[in-house]
Amino acid sequence: MKIFATIFICVNVFCVSMISAQELVPVGLKKQLLVDDYVIAEKQNITRELGKPQKKGVVMAPSVPTDFHPTKQFTNGLPQTGGYWEFSRRLSVVWNDNRECYQMLYRAYAENTTAYAESKDGINWTKPLISEDGKSNLISFRGKTSGTFYESSFMIDPTVPWGHPEKYKAPYNPGNTMCALAYSADGKHWTGYNGGKPATGRAADTYNQILWDPIANRYMFLTRTDLAAMGGLKESRSSRIMVHDKGNDILNHPTAWKTITVINVDHPGNEVTKAGVPLYQMESMCVWPYENIYFGLMHVLTTGDLTGSEGSVVVADPDKRPDADVLDFYLGTSRDAKNFDKSWIYAKNPFVPRGPDYSFDKGMLQPSSEIITRGDEHLIYYTGQYSQHHSPDAAKKESGKVGLAILPLDRFISQGAGDKLGTITTKPFVLEANTLQVNVDAGDGRFYAEILDADGKPIPGFTVNEARIFGGVDQLRLEPWWKGQKDLSSLEGKSIRLKFYLKNAKIYAFQIKK
């Protein structure tokens with residue numbers, strides 16, 4: 001009986017330990033962005049709100065002959081008649097920390113051309129003559145300057161050293177609406193994987209993206225795909241996410257891609273067009289992994305009479321057109337790269353909104369394939385189009401420029417309270433360091449924190465009555481403290497919960513640091 005009792009006790013202790021281990025959130029020293037409730041156990045009087053990047057205006061516009069339609073007449077490098085043709089509809093900007101400069105791929109005068117630009121400050125851009133003939137900034141591929149390397153984005157691969165032939169990787173449309181892959185040592189001169197043949201099937205006529213996923217240690221590959229007709233009024237679009245299926249060896253296995261999910265808008269209203277296809281479609285999408293979260297940069301098309309008409313529908317007055325046949329930029333988040341939060345789409349709350357009437361980004365706004373983080377800011381480059389999707393008037397107005405929007409560090413989505421006191425309690429986790437930092441905006445309110453044990457009981461010395469109340473603060477790395485407790489050294493190694501108190505304040509993230 002004693003042996004049985006001992007075994008019974010041990011089994012119960014083991015089970016309790018297992019349950020406790022399963023309940024603990026792996027916080028560690030990683031920053032916890034409060035974009036969802038992943039680390040949150042309970043909250044009261046709290047509302048989730050999308051961040052608001054600030055537009056800084058146009059940073060690049062057509063300026064060299066190859067930025068314009070080739071049928072225009074030029075004087076001193078500028079068109080005599082004016083008018084642009086979908087300049088910079090696709091855009092990809094990366095930060096080169098080796099040369100300390102920004103690099104850009106962009107669509108030049110039309111769909112089948114990709115050009116190169118670079119900048120030291122991200123504002124003033126040059127367009128080096130990098131083509132094989134030395135006469136333009138167009139990407140030369142297979143001996144041509146157009147028609148073989150377009151609808152492209154690029155990435156700088158963190159898994160290989162600078163100077164490596166495959167340091168840069170890019171997907172592109174080789175002219176058959178399928179998607180091929182290429183590599184480069186400098187981002188300017190490219191060699192095709194798979195002998196330049198496609199790496200995957202249709203479709204490749206919007207954004208295409210390849211990226212390294214540091215969360216799951218794998219290459220990811222995104223292209224558009226079809227849900228219905230392959231073009232025309234009944235076309236229905238979505239994006240597919242693929243991962244490499246042969247040990248990340250793209251050189252020897254360029255076609256080894258496995259689809260893990262297809263991303264649709266799946267709007268709960270189920271609205272359709274007169275042609276019977278979804279009113280809201282995922283025209284294309286890119287993924288940006290950041291702080292253990294997959295951010296979906298979603299380009300959502302609101303379809304209308306122009307979409308699929310191939311320019312056959314006349315727009316009577318482009319300045320007074322309906323809000324249809326437009327592209328909006330929405331932000332989605334995911335923990336597994338398969339299931340993305342689309343609530344901001346359903347709320348019609350774009351991350352960077354299109355501009356007002358007569359603005360360069362009135363009709364379509366699409367971000368770069370990735371967001372760039374420099375210092376305490378996120379730089380969001382985007383292309384703005386005046387004209388609508390498939391508008392026949394694209395050549396009659398300035399239909400493309402590059403804009404920039406800036407967001408303070410980590411302020412993508414907040415959890416906040418208004419006039420009524422709100423609280424957020426985290427799930428339990430093991431405290432692995434002694435300093436708590438929070439990204440909080442309490443400029444018009446107040447904020448304070450309490451430390452609880454794993455069962456939710458306040459820990460003496462760190463209770464709400466001993467907490468320092470912060471008012472009128474707006475900080476990216478605020479360090480809470482308590483009377484007689486300047487840090488959390490006495491709690492290291494223990495399982496704790498955090499409880500945040502907010503009034504007219506917002507919290508974006510927290511981090512445990514040494």
# chains A, B, ... in the order shown; residues from 1 in each chain; ligands from 1

$ closest_atom_pairs --of "range 397-490 of chain A" --to "range 369-393 of chain A" --cutoff "12 Å" --atoms "only C-alpha atoms" --output "JSON lines"
{"residue": "A:Lys397", "atom": "CA", "partner": "A:Tyr386", "partner_atom": "CA", "distance": 7.0}
{"residue": "A:Glu398", "atom": "CA", "partner": "A:Tyr386", "partner_atom": "CA", "distance": 6.4}
{"residue": "A:Ser399", "atom": "CA", "partner": "A:Gln385", "partner_atom": "CA", "distance": 4.8}
{"residue": "A:Gly400", "atom": "CA", "partner": "A:Gln385", "partner_atom": "CA", "distance": 4.7}
{"residue": "A:Lys401", "atom": "CA", "partner": "A:Gly384", "partner_atom": "CA", "distance": 5.6}
{"residue": "A:Val402", "atom": "CA", "partner": "A:Thr383", "partner_atom": "CA", "distance": 4.6}
{"residue": "A:Gly403", "atom": "CA", "partner": "A:Tyr382", "partner_atom": "CA", "distance": 5.3}
{"residue": "A:Leu404", "atom": "CA", "partner": "A:Tyr381", "partner_atom": "CA", "distance": 4.6}
{"residue": "A:Ala405", "atom": "CA", "partner": "A:Ile380", "partner_atom": "CA", "distance": 5.1}
{"residue": "A:Ile406", "atom": "CA", "partner": "A:Leu379", "partner_atom": "CA", "distance": 4.9}
{"residue": "A:Leu407", "atom": "CA", "partner": "A:His378", "partner_atom": "CA", "distance": 5.1}
{"residue": "A:Pro408", "atom": "CA", "partner": "A:Glu377", "partner_atom": "CA", "distance": 4.7}
{"residue": "A:Leu409", "atom": "CA", "partner": "A:Glu377", "partner_atom": "CA", "distance": 4.7}
{"residue": "A:Asp410", "atom": "CA", "partner": "A:His378", "partner_atom": "CA", "distance": 7.9}
{"residue": "A:Arg411", "atom": "CA", "partner": "A:His378", "partner_atom": "CA", "distance": 9.0}
{"residue": "A:Phe412", "atom": "CA", "partner": "A:His378", "partner_atom": "CA", "distance": 9.6}
{"residue": "A:Asn439", "atom": "CA", "partner": "A:Asp376", "partner_atom": "CA", "distance": 11.5}
{"residue": "A:Gln475", "atom": "CA", "partner": "A:Asp376", "partner_atom": "CA", "distance": 11.0}
{"residue": "A:Leu476", "atom": "CA", "partner": "A:Asp376", "partner_atom": "CA", "distance": 8.3}
{"residue": "A:Arg477", "atom": "CA", "partner": "A:Asp376", "partner_atom": "CA", "distance": 10.5}

$ select_by_dssp --residues "range 234-352 of chain A" --states "helix (DSSP H, G or I)" --output "ChimeraX atom specification"
/A:318-320,343-346

$ write_last_selection --atoms "N, CA, C and O atoms" --output "short mmCIF file (atom, residue, chain, number, x, y, z; two decimals), in the first residue's frame"
data_model
loop_
_atom_site.label_atom_id
_atom_site.label_comp_id
_atom_site.auth_asym_id
_atom_site.auth_seq_id
_atom_site.Cartn_x
_atom_site.Cartn_y
_atom_site.Cartn_z
N PRO A 318 -12.44 60.36 -64.24
CA PRO A 318 -11.56 59.64 -63.31
C PRO A 318 -11.49 60.27 -61.93
O PRO A 318 -11.20 59.60 -60.95
N ASP A 319 -11.74 61.58 -61.84
CA ASP A 319 -11.66 62.25 -60.54
C ASP A 319 -12.90 62.06 -59.69
O ASP A 319 -12.93 62.44 -58.52
N LYS A 320 -13.97 61.50 -60.28
CA LYS A 320 -15.21 61.31 -59.52
C LYS A 320 -15.71 59.88 -59.65
O LYS A 320 -16.90 59.63 -59.74
N SER A 343 -9.27 40.49 -39.72
CA SER A 343 -10.30 41.35 -39.14
C SER A 343 -10.20 42.79 -39.62
O SER A 343 -11.22 43.49 -39.72
N TRP A 344 -8.98 43.26 -39.91
CA TRP A 344 -8.86 44.65 -40.38
C TRP A 344 -9.44 44.79 -41.78
O TRP A 344 -9.94 45.86 -42.13
N ILE A 345 -9.38 43.73 -42.58
CA ILE A 345 -10.03 43.77 -43.91
C ILE A 345 -11.53 43.90 -43.73
O ILE A 345 -12.18 44.74 -44.37
N TYR A 346 -12.08 43.06 -42.86
CA TYR A 346 -13.53 43.05 -42.68
C TYR A 346 -14.03 44.38 -42.09
O TYR A 346 -15.16 44.80 -42.35
#

$ closest_residue --among "A:Asp453, A:Asp37, A:Glu235, A:Asp213" --to "Lys494 in chain A" --atoms "only C-alpha atoms"
A:Asp453

$ residues_around --residues "Gly195 in chain A" --least-positions-apart "6" --cutoff "10 Å" --atoms "only C-alpha atoms" --output "ChimeraX atom specification"
/A:180-182,254

$ atom_distance --atom1 "CA of Ser334 in chain A" --atom2 "CA of Val25 in chain A"
16.8 Å

$ closest_atom_pairs --of "range 297-331 of chain A" --to "range 255-278 of chain A" --cutoff "12 Å" --atoms "only C-alpha atoms" --output "CSV"
residue,atom,partner,partner_atom,distance
A:Leu297,CA,A:Ile263,CA,11.7
A:Met298,CA,A:Val265,CA,9.3
A:His299,CA,A:Val265,CA,10.0
A:Val300,CA,A:Val265,CA,7.7
A:Leu301,CA,A:Val265,CA,9.5
A:Thr302,CA,A:Pro278,CA,8.8
A:Thr303,CA,A:Thr273,CA,7.2
A:Gly304,CA,A:Thr273,CA,7.0
A:Asp305,CA,A:Lys274,CA,8.7
A:Leu306,CA,A:Thr273,CA,11.4
A:Thr307,CA,A:Thr273,CA,10.3
A:Gly308,CA,A:Ala275,CA,10.1
A:Ser309,CA,A:Ala275,CA,11.4
A:Ala324,CA,A:Thr273,CA,10.9
A:Asp325,CA,A:Thr273,CA,11.2
A:Tyr330,CA,A:Val265,CA,10.8

$ closest_residue --among "A:Leu488, A:Val35, A:Ile46, A:Leu421" --to "Asp341 in chain A" --atoms "only C-alpha atoms"
A:Val35

$ atom_distance --atom1 "CA of Trp481 in chain A" --atom2 "CA of Val464 in chain A"
10.8 Å

$ closest_residue --among "A:Lys427, A:Lys169, A:Arg107, A:Arg90" --to "Lys43 in chain A" --atoms "only C-alpha atoms"
A:Lys427

$ residues_around --residues "Lys506 in chain A" --least-positions-apart "6" --cutoff "7 Å" --atoms "only C-alpha atoms" --output "ChimeraX atom specification"
/A:414-417,440-442

$ residues_around --residues "Ser495 in chain A" --least-positions-apart "4" --cutoff "6 Å" --atoms "only C-alpha atoms" --output "mmCIF file with N, CA and C atoms, in the first residue's frame"
data_model
loop_
_atom_site.group_PDB
_atom_site.id
_atom_site.type_symbol
_atom_site.label_atom_id
_atom_site.label_comp_id
_atom_site.auth_asym_id
_atom_site.auth_seq_id
_atom_site.Cartn_x
_atom_site.Cartn_y
_atom_site.Cartn_z
ATOM 1 N N PHE A 429 4.506 32.614 -17.190
ATOM 2 C CA PHE A 429 5.759 32.283 -17.865
ATOM 3 C C PHE A 429 6.896 32.343 -16.848
ATOM 4 N N VAL A 430 7.992 31.692 -17.176
ATOM 5 C CA VAL A 430 9.154 31.690 -16.302
ATOM 6 C C VAL A 430 9.956 32.966 -16.545
ATOM 7 N N ALA A 454 1.985 32.497 -10.519
ATOM 8 C CA ALA A 454 1.382 31.709 -11.595
ATOM 9 C C ALA A 454 -0.106 31.480 -11.383
#

$ closest_atom_pairs --of "range 261-336 of chain A" --to "range 349-365 of chain A" --cutoff "7 Å" --atoms "only C-alpha atoms" --output "Markdown table"
| residue | atom | partner | partner_atom | distance |
| --- | --- | --- | --- | --- |
| A:Asp319 | CA | A:Tyr358 | CA | 6.5 |
| A:Val326 | CA | A:Gly363 | CA | 5.3 |
| A:Leu327 | CA | A:Met364 | CA | 4.4 |
| A:Asp328 | CA | A:Leu365 | CA | 5.6 |
| A:Phe329 | CA | A:Pro350 | CA | 5.5 |
| A:Tyr330 | CA | A:Pro350 | CA | 4.7 |
| A:Leu331 | CA | A:Phe351 | CA | 5.9 |

$ closest_residue --among "A:His244, A:Arg48, A:Lys483, A:Lys234" --to "Tyr508 in chain A" --atoms "only C-alpha atoms"
A:Arg48
